[in-house]
$ cat final.txt   # compact mmCIF, N, CA and C atoms
# COMPACT_ATOMS: atom_id res chain seq x y z
N MET L 22 56.99 -48.48 45.95
CA MET L 22 56.60 -47.10 45.68
C MET L 22 55.67 -47.02 44.47
N PHE L 23 55.80 -47.97 43.54
CA PHE L 23 54.96 -47.93 42.35
C PHE L 23 53.47 -47.84 42.66
N PRO L 24 52.93 -48.67 43.55
CA PRO L 24 51.48 -48.59 43.81
C PRO L 24 51.04 -47.20 44.28
N SER L 25 51.81 -46.60 45.17
CA SER L 25 51.46 -45.27 45.66
C SER L 25 51.50 -44.25 44.53
N LEU L 26 52.53 -44.31 43.72
CA LEU L 26 52.64 -43.36 42.61
C LEU L 26 51.50 -43.53 41.61
N PHE L 27 51.18 -44.78 41.30
CA PHE L 27 50.08 -45.00 40.36
C PHE L 27 48.76 -44.47 40.91
N VAL L 28 48.47 -44.75 42.17
CA VAL L 28 47.22 -44.26 42.76
C VAL L 28 47.18 -42.74 42.73
N LEU L 29 48.27 -42.09 43.05
CA LEU L 29 48.32 -40.62 43.01
C LEU L 29 48.06 -40.10 41.60
N LEU L 30 48.72 -40.69 40.61
CA LEU L 30 48.53 -40.26 39.23
C LEU L 30 47.12 -40.56 38.74
N TYR L 31 46.58 -41.69 39.14
CA TYR L 31 45.22 -42.04 38.73
C TYR L 31 44.21 -41.07 39.35
N LEU L 32 44.44 -40.69 40.59
CA LEU L 32 43.57 -39.69 41.23
C LEU L 32 43.63 -38.38 40.45
N GLY L 33 44.85 -37.93 40.10
CA GLY L 33 44.99 -36.71 39.30
C GLY L 33 44.26 -36.83 37.98
N HIS L 34 44.37 -37.99 37.35
CA HIS L 34 43.69 -38.23 36.07
C HIS L 34 42.18 -38.14 36.22
N LEU L 35 41.64 -38.82 37.22
CA LEU L 35 40.19 -38.82 37.42
C LEU L 35 39.67 -37.41 37.68
N LEU L 36 40.38 -36.67 38.52
CA LEU L 36 39.96 -35.29 38.80
C LEU L 36 39.96 -34.44 37.53
N ALA L 37 41.02 -34.57 36.73
CA ALA L 37 41.14 -33.75 35.52
C ALA L 37 40.18 -34.19 34.42
N ASP L 38 39.91 -35.48 34.33
CA ASP L 38 39.07 -35.98 33.24
C ASP L 38 37.58 -35.82 33.50
N TYR L 39 37.19 -35.70 34.76
CA TYR L 39 35.77 -35.65 35.07
C TYR L 39 35.36 -34.34 35.76
N PRO L 40 35.57 -34.14 37.05
CA PRO L 40 35.05 -32.90 37.66
C PRO L 40 35.71 -31.62 37.19
N LEU L 41 36.95 -31.67 36.71
CA LEU L 41 37.64 -30.45 36.29
C LEU L 41 37.60 -30.19 34.79
N GLN L 42 37.09 -31.12 34.01
CA GLN L 42 36.99 -30.91 32.57
C GLN L 42 35.71 -30.12 32.27
N THR L 43 35.85 -29.03 31.56
CA THR L 43 34.68 -28.22 31.24
C THR L 43 33.88 -28.85 30.10
N ASP L 44 32.62 -28.45 29.99
CA ASP L 44 31.80 -28.91 28.88
C ASP L 44 32.43 -28.51 27.55
N HIS L 45 33.00 -27.31 27.50
CA HIS L 45 33.63 -26.83 26.27
C HIS L 45 34.80 -27.72 25.88
N GLN L 46 35.64 -28.06 26.85
CA GLN L 46 36.79 -28.92 26.57
C GLN L 46 36.32 -30.29 26.07
N ALA L 47 35.34 -30.87 26.74
CA ALA L 47 34.85 -32.19 26.35
C ALA L 47 34.27 -32.18 24.94
N ALA L 48 33.58 -31.10 24.60
CA ALA L 48 32.92 -31.03 23.29
C ALA L 48 33.87 -30.69 22.16
N HIS L 49 34.97 -29.98 22.46
CA HIS L 49 35.79 -29.44 21.37
C HIS L 49 37.25 -29.91 21.34
N LYS L 50 37.71 -30.69 22.30
CA LYS L 50 39.13 -31.05 22.38
C LYS L 50 39.63 -31.86 21.18
N ALA L 51 38.72 -32.44 20.41
CA ALA L 51 39.12 -33.20 19.23
C ALA L 51 38.87 -32.45 17.93
N ASP L 52 38.32 -31.24 18.01
CA ASP L 52 38.05 -30.46 16.80
C ASP L 52 39.35 -30.11 16.09
N ARG L 53 39.30 -30.14 14.78
CA ARG L 53 40.49 -29.86 13.97
C ARG L 53 40.53 -28.39 13.57
N CYS L 54 40.67 -27.55 14.59
CA CYS L 54 40.75 -26.10 14.39
C CYS L 54 41.46 -25.52 15.61
N ALA L 55 41.70 -24.22 15.57
CA ALA L 55 42.40 -23.57 16.68
C ALA L 55 41.63 -23.72 17.99
N THR L 56 40.31 -23.63 17.93
CA THR L 56 39.49 -23.78 19.13
C THR L 56 39.66 -25.18 19.72
N GLY L 57 39.70 -26.18 18.85
CA GLY L 57 39.88 -27.55 19.31
C GLY L 57 41.23 -27.77 19.95
N TRP L 58 42.27 -27.26 19.30
CA TRP L 58 43.61 -27.41 19.88
C TRP L 58 43.71 -26.69 21.20
N ALA L 59 43.10 -25.51 21.31
CA ALA L 59 43.15 -24.76 22.58
C ALA L 59 42.43 -25.52 23.69
N ALA L 60 41.27 -26.09 23.37
CA ALA L 60 40.54 -26.87 24.37
C ALA L 60 41.34 -28.10 24.78
N ASN L 61 41.99 -28.75 23.81
CA ASN L 61 42.79 -29.93 24.08
C ASN L 61 43.98 -29.59 24.97
N VAL L 62 44.67 -28.52 24.66
CA VAL L 62 45.85 -28.12 25.44
C VAL L 62 45.45 -27.72 26.86
N ARG L 63 44.35 -26.99 27.01
CA ARG L 63 43.89 -26.62 28.36
C ARG L 63 43.53 -27.87 29.17
N HIS L 64 42.88 -28.81 28.53
CA HIS L 64 42.52 -30.05 29.22
C HIS L 64 43.78 -30.84 29.62
N ALA L 65 44.73 -30.95 28.72
CA ALA L 65 45.97 -31.66 29.04
C ALA L 65 46.74 -30.94 30.14
N ALA L 66 46.73 -29.61 30.12
CA ALA L 66 47.40 -28.84 31.18
C ALA L 66 46.74 -29.08 32.54
N THR L 67 45.44 -29.26 32.54
CA THR L 67 44.75 -29.59 33.79
C THR L 67 45.24 -30.94 34.32
N HIS L 68 45.47 -31.89 33.41
CA HIS L 68 46.02 -33.18 33.83
C HIS L 68 47.41 -33.02 34.44
N VAL L 69 48.23 -32.24 33.80
CA VAL L 69 49.58 -32.02 34.33
C VAL L 69 49.50 -31.39 35.71
N ALA L 70 48.66 -30.38 35.87
CA ALA L 70 48.55 -29.68 37.15
C ALA L 70 48.00 -30.60 38.25
N THR L 71 46.96 -31.37 37.95
CA THR L 71 46.39 -32.23 38.99
C THR L 71 47.34 -33.38 39.35
N CYS L 72 48.02 -33.92 38.36
CA CYS L 72 48.99 -34.99 38.65
C CYS L 72 50.18 -34.43 39.43
N ALA L 73 50.63 -33.23 39.09
CA ALA L 73 51.71 -32.60 39.84
C ALA L 73 51.30 -32.36 41.28
N ALA L 74 50.09 -31.87 41.49
CA ALA L 74 49.61 -31.64 42.86
C ALA L 74 49.50 -32.95 43.63
N ALA L 75 49.01 -33.99 42.98
CA ALA L 75 48.88 -35.29 43.64
C ALA L 75 50.25 -35.85 44.02
N LEU L 76 51.22 -35.73 43.10
CA LEU L 76 52.58 -36.20 43.40
C LEU L 76 53.21 -35.39 44.54
N ALA L 77 53.01 -34.09 44.53
CA ALA L 77 53.56 -33.24 45.59
C ALA L 77 52.95 -33.61 46.94
N LEU L 78 51.65 -33.80 46.97
CA LEU L 78 50.99 -34.20 48.21
C LEU L 78 51.50 -35.56 48.68
N GLY L 79 51.61 -36.49 47.74
CA GLY L 79 52.13 -37.80 48.10
C GLY L 79 53.55 -37.74 48.65
N ALA L 80 54.39 -36.93 48.04
CA ALA L 80 55.78 -36.79 48.51
C ALA L 80 55.82 -36.18 49.90
N LEU L 81 54.86 -35.33 50.21
CA LEU L 81 54.82 -34.68 51.53
C LEU L 81 54.32 -35.61 52.64
N VAL L 82 53.32 -36.41 52.34
CA VAL L 82 52.66 -37.16 53.42
C VAL L 82 52.92 -38.67 53.43
N LEU L 83 53.41 -39.22 52.34
CA LEU L 83 53.65 -40.66 52.30
C LEU L 83 55.14 -40.97 52.44
N ASP L 84 55.44 -41.88 53.34
CA ASP L 84 56.84 -42.24 53.59
C ASP L 84 57.49 -42.94 52.40
N ASP L 85 56.69 -43.65 51.60
CA ASP L 85 57.28 -44.45 50.52
C ASP L 85 57.43 -43.69 49.21
N VAL L 86 57.05 -42.41 49.14
CA VAL L 86 57.13 -41.65 47.89
C VAL L 86 58.28 -40.66 47.96
N THR L 87 59.31 -40.98 47.20
CA THR L 87 60.43 -40.06 47.00
C THR L 87 60.72 -40.05 45.50
N VAL L 88 60.73 -38.86 44.93
CA VAL L 88 60.91 -38.73 43.49
C VAL L 88 61.92 -37.62 43.21
N SER L 89 62.55 -37.71 42.05
CA SER L 89 63.49 -36.66 41.65
C SER L 89 62.78 -35.69 40.71
N LEU L 90 63.10 -34.44 40.84
CA LEU L 90 62.43 -33.40 40.06
C LEU L 90 62.57 -33.64 38.55
N PRO L 91 63.75 -33.96 38.01
CA PRO L 91 63.83 -34.17 36.55
C PRO L 91 62.93 -35.32 36.07
N VAL L 92 62.82 -36.38 36.86
CA VAL L 92 61.96 -37.50 36.45
C VAL L 92 60.50 -37.09 36.56
N VAL L 93 60.15 -36.32 37.58
CA VAL L 93 58.78 -35.82 37.72
C VAL L 93 58.42 -34.95 36.52
N VAL L 94 59.31 -34.06 36.12
CA VAL L 94 59.05 -33.20 34.96
C VAL L 94 58.84 -34.05 33.71
N GLY L 95 59.70 -35.04 33.52
CA GLY L 95 59.54 -35.93 32.36
C GLY L 95 58.23 -36.69 32.40
N ALA L 96 57.87 -37.20 33.57
CA ALA L 96 56.61 -37.95 33.70
C ALA L 96 55.42 -37.05 33.43
N LEU L 97 55.45 -35.82 33.93
CA LEU L 97 54.34 -34.89 33.72
C LEU L 97 54.23 -34.48 32.25
N LEU L 98 55.36 -34.29 31.58
CA LEU L 98 55.32 -34.00 30.15
C LEU L 98 54.72 -35.18 29.37
N TRP L 99 55.10 -36.39 29.76
CA TRP L 99 54.55 -37.59 29.15
C TRP L 99 53.03 -37.66 29.37
N ILE L 100 52.61 -37.41 30.60
CA ILE L 100 51.18 -37.46 30.91
C ILE L 100 50.41 -36.44 30.09
N GLY L 101 50.89 -35.21 30.05
CA GLY L 101 50.20 -34.17 29.28
C GLY L 101 50.20 -34.46 27.79
N GLY L 102 51.34 -34.86 27.26
CA GLY L 102 51.44 -35.13 25.83
C GLY L 102 50.64 -36.34 25.40
N SER L 103 50.74 -37.42 26.16
CA SER L 103 49.99 -38.62 25.80
C SER L 103 48.49 -38.38 25.95
N HIS L 104 48.10 -37.63 26.97
CA HIS L 104 46.67 -37.36 27.14
C HIS L 104 46.13 -36.53 25.98
N ALA L 105 46.88 -35.51 25.60
CA ALA L 105 46.45 -34.67 24.47
C ALA L 105 46.33 -35.50 23.19
N PHE L 106 47.29 -36.38 22.95
CA PHE L 106 47.27 -37.22 21.76
C PHE L 106 46.05 -38.15 21.76
N ILE L 107 45.85 -38.85 22.85
CA ILE L 107 44.72 -39.79 22.93
C ILE L 107 43.40 -39.05 22.77
N ASP L 108 43.29 -37.88 23.36
CA ASP L 108 42.03 -37.14 23.33
C ASP L 108 41.73 -36.46 22.00
N ARG L 109 42.60 -36.57 21.03
CA ARG L 109 42.25 -36.08 19.70
C ARG L 109 41.21 -37.01 19.07
N ARG L 110 40.98 -38.13 19.69
CA ARG L 110 39.98 -39.16 19.36
C ARG L 110 40.35 -40.03 18.16
N TRP L 111 41.04 -39.48 17.17
CA TRP L 111 41.37 -40.30 16.01
C TRP L 111 42.28 -41.47 16.36
N PRO L 112 43.22 -41.36 17.35
CA PRO L 112 44.04 -42.54 17.66
C PRO L 112 43.20 -43.72 18.18
N VAL L 113 42.22 -43.43 19.02
CA VAL L 113 41.35 -44.48 19.54
C VAL L 113 40.51 -45.06 18.40
N GLN L 114 39.98 -44.19 17.56
CA GLN L 114 39.17 -44.66 16.43
C GLN L 114 40.00 -45.51 15.48
N TRP L 115 41.22 -45.06 15.21
CA TRP L 115 42.12 -45.84 14.34
C TRP L 115 42.36 -47.22 14.94
N TRP L 116 42.69 -47.26 16.23
CA TRP L 116 42.94 -48.53 16.91
C TRP L 116 41.74 -49.47 16.78
N MET L 117 40.56 -48.92 17.07
CA MET L 117 39.38 -49.77 17.05
C MET L 117 39.04 -50.25 15.64
N ASN L 118 39.25 -49.42 14.64
CA ASN L 118 38.99 -49.82 13.26
C ASN L 118 39.98 -50.87 12.77
N HIS L 119 41.20 -50.84 13.29
CA HIS L 119 42.24 -51.75 12.83
C HIS L 119 42.41 -53.00 13.70
N THR L 120 41.60 -53.13 14.73
CA THR L 120 41.69 -54.32 15.59
C THR L 120 40.36 -55.05 15.67
N GLY L 121 39.49 -54.79 14.71
CA GLY L 121 38.22 -55.49 14.66
C GLY L 121 37.20 -55.05 15.69
N GLN L 122 37.26 -53.79 16.10
CA GLN L 122 36.35 -53.29 17.13
C GLN L 122 35.45 -52.17 16.62
N ALA L 123 35.27 -52.05 15.32
CA ALA L 123 34.48 -50.95 14.75
C ALA L 123 33.04 -50.98 15.25
N SER L 124 32.47 -52.16 15.38
CA SER L 124 31.09 -52.26 15.86
C SER L 124 31.00 -51.82 17.32
N TRP L 125 31.97 -52.24 18.13
CA TRP L 125 31.98 -51.85 19.54
C TRP L 125 32.16 -50.34 19.67
N ALA L 126 32.96 -49.75 18.79
CA ALA L 126 33.17 -48.30 18.82
C ALA L 126 31.85 -47.57 18.61
N LYS L 127 31.00 -48.11 17.74
CA LYS L 127 29.71 -47.47 17.46
C LYS L 127 28.73 -47.62 18.62
N HIS L 128 29.03 -48.51 19.54
CA HIS L 128 28.12 -48.76 20.66
C HIS L 128 28.74 -48.40 22.01
N GLY L 129 29.59 -47.38 22.03
CA GLY L 129 30.12 -46.87 23.29
C GLY L 129 31.47 -47.40 23.72
N GLY L 130 32.08 -48.26 22.93
CA GLY L 130 33.35 -48.84 23.33
C GLY L 130 34.53 -47.89 23.31
N ALA L 131 34.42 -46.82 22.53
CA ALA L 131 35.56 -45.89 22.41
C ALA L 131 35.94 -45.29 23.76
N ALA L 132 34.98 -45.01 24.60
CA ALA L 132 35.28 -44.43 25.92
C ALA L 132 36.12 -45.40 26.76
N HIS L 133 35.86 -46.69 26.64
CA HIS L 133 36.63 -47.67 27.40
C HIS L 133 38.05 -47.80 26.86
N VAL L 134 38.19 -47.80 25.55
CA VAL L 134 39.53 -47.88 24.96
C VAL L 134 40.31 -46.60 25.29
N ASP L 135 39.65 -45.46 25.24
CA ASP L 135 40.26 -44.18 25.60
C ASP L 135 40.81 -44.23 27.03
N GLN L 136 39.99 -44.66 27.97
CA GLN L 136 40.43 -44.72 29.37
C GLN L 136 41.54 -45.75 29.57
N THR L 137 41.48 -46.87 28.85
CA THR L 137 42.54 -47.87 28.95
C THR L 137 43.87 -47.30 28.47
N ALA L 138 43.83 -46.53 27.38
CA ALA L 138 45.06 -45.90 26.88
C ALA L 138 45.61 -44.90 27.89
N HIS L 139 44.73 -44.12 28.51
CA HIS L 139 45.19 -43.16 29.52
C HIS L 139 45.81 -43.88 30.72
N ILE L 140 45.18 -44.97 31.16
CA ILE L 140 45.70 -45.71 32.31
C ILE L 140 47.05 -46.34 31.97
N LEU L 141 47.19 -46.85 30.76
CA LEU L 141 48.50 -47.38 30.33
C LEU L 141 49.56 -46.29 30.41
N ALA L 142 49.26 -45.09 29.95
CA ALA L 142 50.21 -43.98 30.03
C ALA L 142 50.57 -43.67 31.48
N LEU L 143 49.59 -43.74 32.38
CA LEU L 143 49.85 -43.48 33.80
C LEU L 143 50.71 -44.58 34.41
N VAL L 144 50.47 -45.82 34.02
CA VAL L 144 51.31 -46.93 34.51
C VAL L 144 52.76 -46.71 34.10
N LEU L 145 52.96 -46.34 32.85
CA LEU L 145 54.33 -46.10 32.37
C LEU L 145 54.97 -44.94 33.12
N ALA L 146 54.22 -43.88 33.39
CA ALA L 146 54.76 -42.75 34.16
C ALA L 146 55.11 -43.19 35.59
N ALA L 147 54.24 -43.95 36.22
CA ALA L 147 54.50 -44.42 37.59
C ALA L 147 55.72 -45.34 37.62
N LEU L 148 55.86 -46.19 36.61
CA LEU L 148 57.05 -47.06 36.54
C LEU L 148 58.32 -46.23 36.41
N ALA L 149 58.29 -45.20 35.57
CA ALA L 149 59.47 -44.33 35.42
C ALA L 149 59.79 -43.62 36.72
N LEU L 150 58.77 -43.14 37.39
CA LEU L 150 58.98 -42.45 38.67
C LEU L 150 59.51 -43.38 39.75
N ALA L 151 59.10 -44.62 39.72
CA ALA L 151 59.51 -45.58 40.74
C ALA L 151 60.89 -46.19 40.48
N ALA L 152 61.36 -46.07 39.25
CA ALA L 152 62.64 -46.72 38.89
C ALA L 152 63.82 -46.09 39.61

$ encode --input "final.txt" --output "structure tokens"
Amino acid sequence: MFPSLFVLLYLGHLLADYPLQTDHQAAHKADRCATGWAANVRHAATHVATCAAALALGALVLDDVTVSLPVVVGALLWIGGSHAFIDRRWPVQWWMNHTGQASWAKHGGAAHVDQTAHILALVLAALALAA
């Protein structure tokens, strides 16, 4: 069941991070003000909604996907919270500065580390759902 759950969550992530993320959210989700926090929370809520929809669809049409509601709620809270945290940008910058990747960060590497962190969070959510 893990592979199916991961693919469903990854699809939700891709939808929320690219076609459903507004220009305003992308530009301001890391700002250290009320506008930034609002953009960040709306973006994270989009992740929760798209992942919830993907899981619901998977549970309806795939024979190998059976999940319990309390675990789904926990996984969705994890996805929304971890996404909001990562998208504040400072955690990725901190990681890159403290692991010898400061030069790579200046040349576009932060986007790759950001996506890797999001995918790790999705793997952990899929593992919890499959357990």

$ closest_residue --input "final.txt" --among "L:Ala149, L:Val69, L:Gly121, L:Gly129" --to "Ile100 (chain L)" --atoms "all atoms listed in the file"
L:Val69

$ closest_atom_pairs --input "final.txt" --of "region 27-121 of chain L" --to "region 130-135 of chain L" --cutoff "7 Å" --atoms "all atoms listed in the file" --output "tab-separated table"
residue	atom	partner	partner_atom	distance
L:Ile107	C	L:Asp135	CA	6.6
L:Val113	CA	L:Asp135	N	6.0
L:Gln114	N	L:Ala131	CA	6.8

$ closest_residue --input "final.txt" --among "L:Leu29, L:Leu35, L:Val144, L:Ala126" --to "Gly79 (chain L)" --atoms "all atoms listed in the file"
L:Leu29

$ residues_around --input "final.txt" --residues "Cys72 (chain L)" --least-positions-apart "4" --cutoff "5 Å" --atoms "all atoms listed in the file" --output "PyMOL selection string"
chain L and resi 33+68+76

$ axis_aligned_box --input "final.txt" --around "region 138-151 of chain L" --padding-each-side "4 Å" --output "AutoDock Vina command-line options"
--center_x 52.4 --center_y -44.9 --center_z 33.8 --size_x 25.1 --size_y 12.9 --size_z 21.9

$ closest_residue --input "final.txt" --among "L:Cys54, L:Leu36, L:Ala66, L:Leu148" --to "Gly101 (chain L)" --atoms "only C-alpha atoms"
L:Ala66

$ closest_residue --input "final.txt" --among "L:Met22, L:Ala105, L:Pro40, L:His128" --to "Asn61 (chain L)" --atoms "only N, CA and C atoms"
L:Ala105

$ atom_distance --input "final.txt" --atom1 "atom C of Trp99 (chain L)" --atom2 "atom C of Ala138 (chain L)"
10.5 Å

$ decode --input "final.txt" --residues "region 50-101 of chain L" --atoms "C-alpha atoms" --output "PDB file, in the first residue's frame"
ATOM      1  CA  LYS L  50       5.055  32.819   1.865  1.00  0.00           C
ATOM      2  CA  ALA L  51       8.444  33.389   3.519  1.00  0.00           C
ATOM      3  CA  ASP L  52       7.906  37.057   4.416  1.00  0.00           C
ATOM      4  CA  ARG L  53       8.217  37.810   8.119  1.00  0.00           C
ATOM      5  CA  CYS L  54       4.948  39.688   8.473  1.00  0.00           C
ATOM      6  CA  ALA L  55       1.228  38.984   8.673  1.00  0.00           C
ATOM      7  CA  THR L  56       0.955  38.948   4.882  1.00  0.00           C
ATOM      8  CA  GLY L  57       3.714  36.356   4.675  1.00  0.00           C
ATOM      9  CA  TRP L  58       2.180  34.129   7.307  1.00  0.00           C
ATOM     10  CA  ALA L  59      -1.220  34.367   5.607  1.00  0.00           C
ATOM     11  CA  ALA L  60       0.268  33.416   2.232  1.00  0.00           C
ATOM     12  CA  ASN L  61       2.165  30.542   3.859  1.00  0.00           C
ATOM     13  CA  VAL L  62      -0.908  29.198   5.664  1.00  0.00           C
ATOM     14  CA  ARG L  63      -3.072  29.416   2.523  1.00  0.00           C
ATOM     15  CA  HIS L  64      -0.418  27.560   0.549  1.00  0.00           C
ATOM     16  CA  ALA L  65      -0.083  24.861   3.227  1.00  0.00           C
ATOM     17  CA  ALA L  66      -3.887  24.540   3.378  1.00  0.00           C
ATOM     18  CA  THR L  67      -3.895  23.940  -0.373  1.00  0.00           C
ATOM     19  CA  HIS L  68      -1.463  21.074   0.225  1.00  0.00           C
ATOM     20  CA  VAL L  69      -3.717  19.592   2.872  1.00  0.00           C
ATOM     21  CA  ALA L  70      -6.764  19.876   0.607  1.00  0.00           C
ATOM     22  CA  THR L  71      -5.095  18.386  -2.478  1.00  0.00           C
ATOM     23  CA  CYS L  72      -3.513  15.538  -0.513  1.00  0.00           C
ATOM     24  CA  ALA L  73      -6.852  14.836   1.194  1.00  0.00           C
ATOM     25  CA  ALA L  74      -8.596  14.742  -2.184  1.00  0.00           C
ATOM     26  CA  ALA L  75      -5.917  12.452  -3.623  1.00  0.00           C
ATOM     27  CA  LEU L  76      -6.178  10.081  -0.650  1.00  0.00           C
ATOM     28  CA  ALA L  77      -9.986  10.050  -0.866  1.00  0.00           C
ATOM     29  CA  LEU L  78      -9.861   9.282  -4.584  1.00  0.00           C
ATOM     30  CA  GLY L  79      -7.300   6.562  -3.992  1.00  0.00           C
ATOM     31  CA  ALA L  80      -9.405   4.993  -1.244  1.00  0.00           C
ATOM     32  CA  LEU L  81     -12.406   4.979  -3.587  1.00  0.00           C
ATOM     33  CA  VAL L  82     -10.815   3.510  -6.699  1.00  0.00           C
ATOM     34  CA  LEU L  83      -7.749   1.534  -5.615  1.00  0.00           C
ATOM     35  CA  ASP L  84      -8.147  -1.878  -4.028  1.00  0.00           C
ATOM     36  CA  ASP L  85      -4.895  -1.631  -2.076  1.00  0.00           C
ATOM     37  CA  VAL L  86      -5.647   1.708  -0.323  1.00  0.00           C
ATOM     38  CA  THR L  87      -7.411   1.444   3.000  1.00  0.00           C
ATOM     39  CA  VAL L  88      -6.720   4.072   5.635  1.00  0.00           C
ATOM     40  CA  SER L  89      -8.143   5.047   9.001  1.00  0.00           C
ATOM     41  CA  LEU L  90      -9.543   8.523   9.471  1.00  0.00           C
ATOM     42  CA  PRO L  91      -7.473   9.393  12.599  1.00  0.00           C
ATOM     43  CA  VAL L  92      -4.235   8.436  10.823  1.00  0.00           C
ATOM     44  CA  VAL L  93      -5.286  10.392   7.722  1.00  0.00           C
ATOM     45  CA  VAL L  94      -5.957  13.468   9.865  1.00  0.00           C
ATOM     46  CA  GLY L  95      -2.554  13.098  11.529  1.00  0.00           C
ATOM     47  CA  ALA L  96      -0.804  12.637   8.184  1.00  0.00           C
ATOM     48  CA  LEU L  97      -2.546  15.687   6.704  1.00  0.00           C
ATOM     49  CA  LEU L  98      -1.626  17.823   9.718  1.00  0.00           C
ATOM     50  CA  TRP L  99       1.974  16.649   9.323  1.00  0.00           C
ATOM     51  CA  ILE L 100       1.932  17.474   5.604  1.00  0.00           C
ATOM     52  CA  GLY L 101       0.500  20.955   6.163  1.00  0.00           C
TER      53      GLY L 101
END
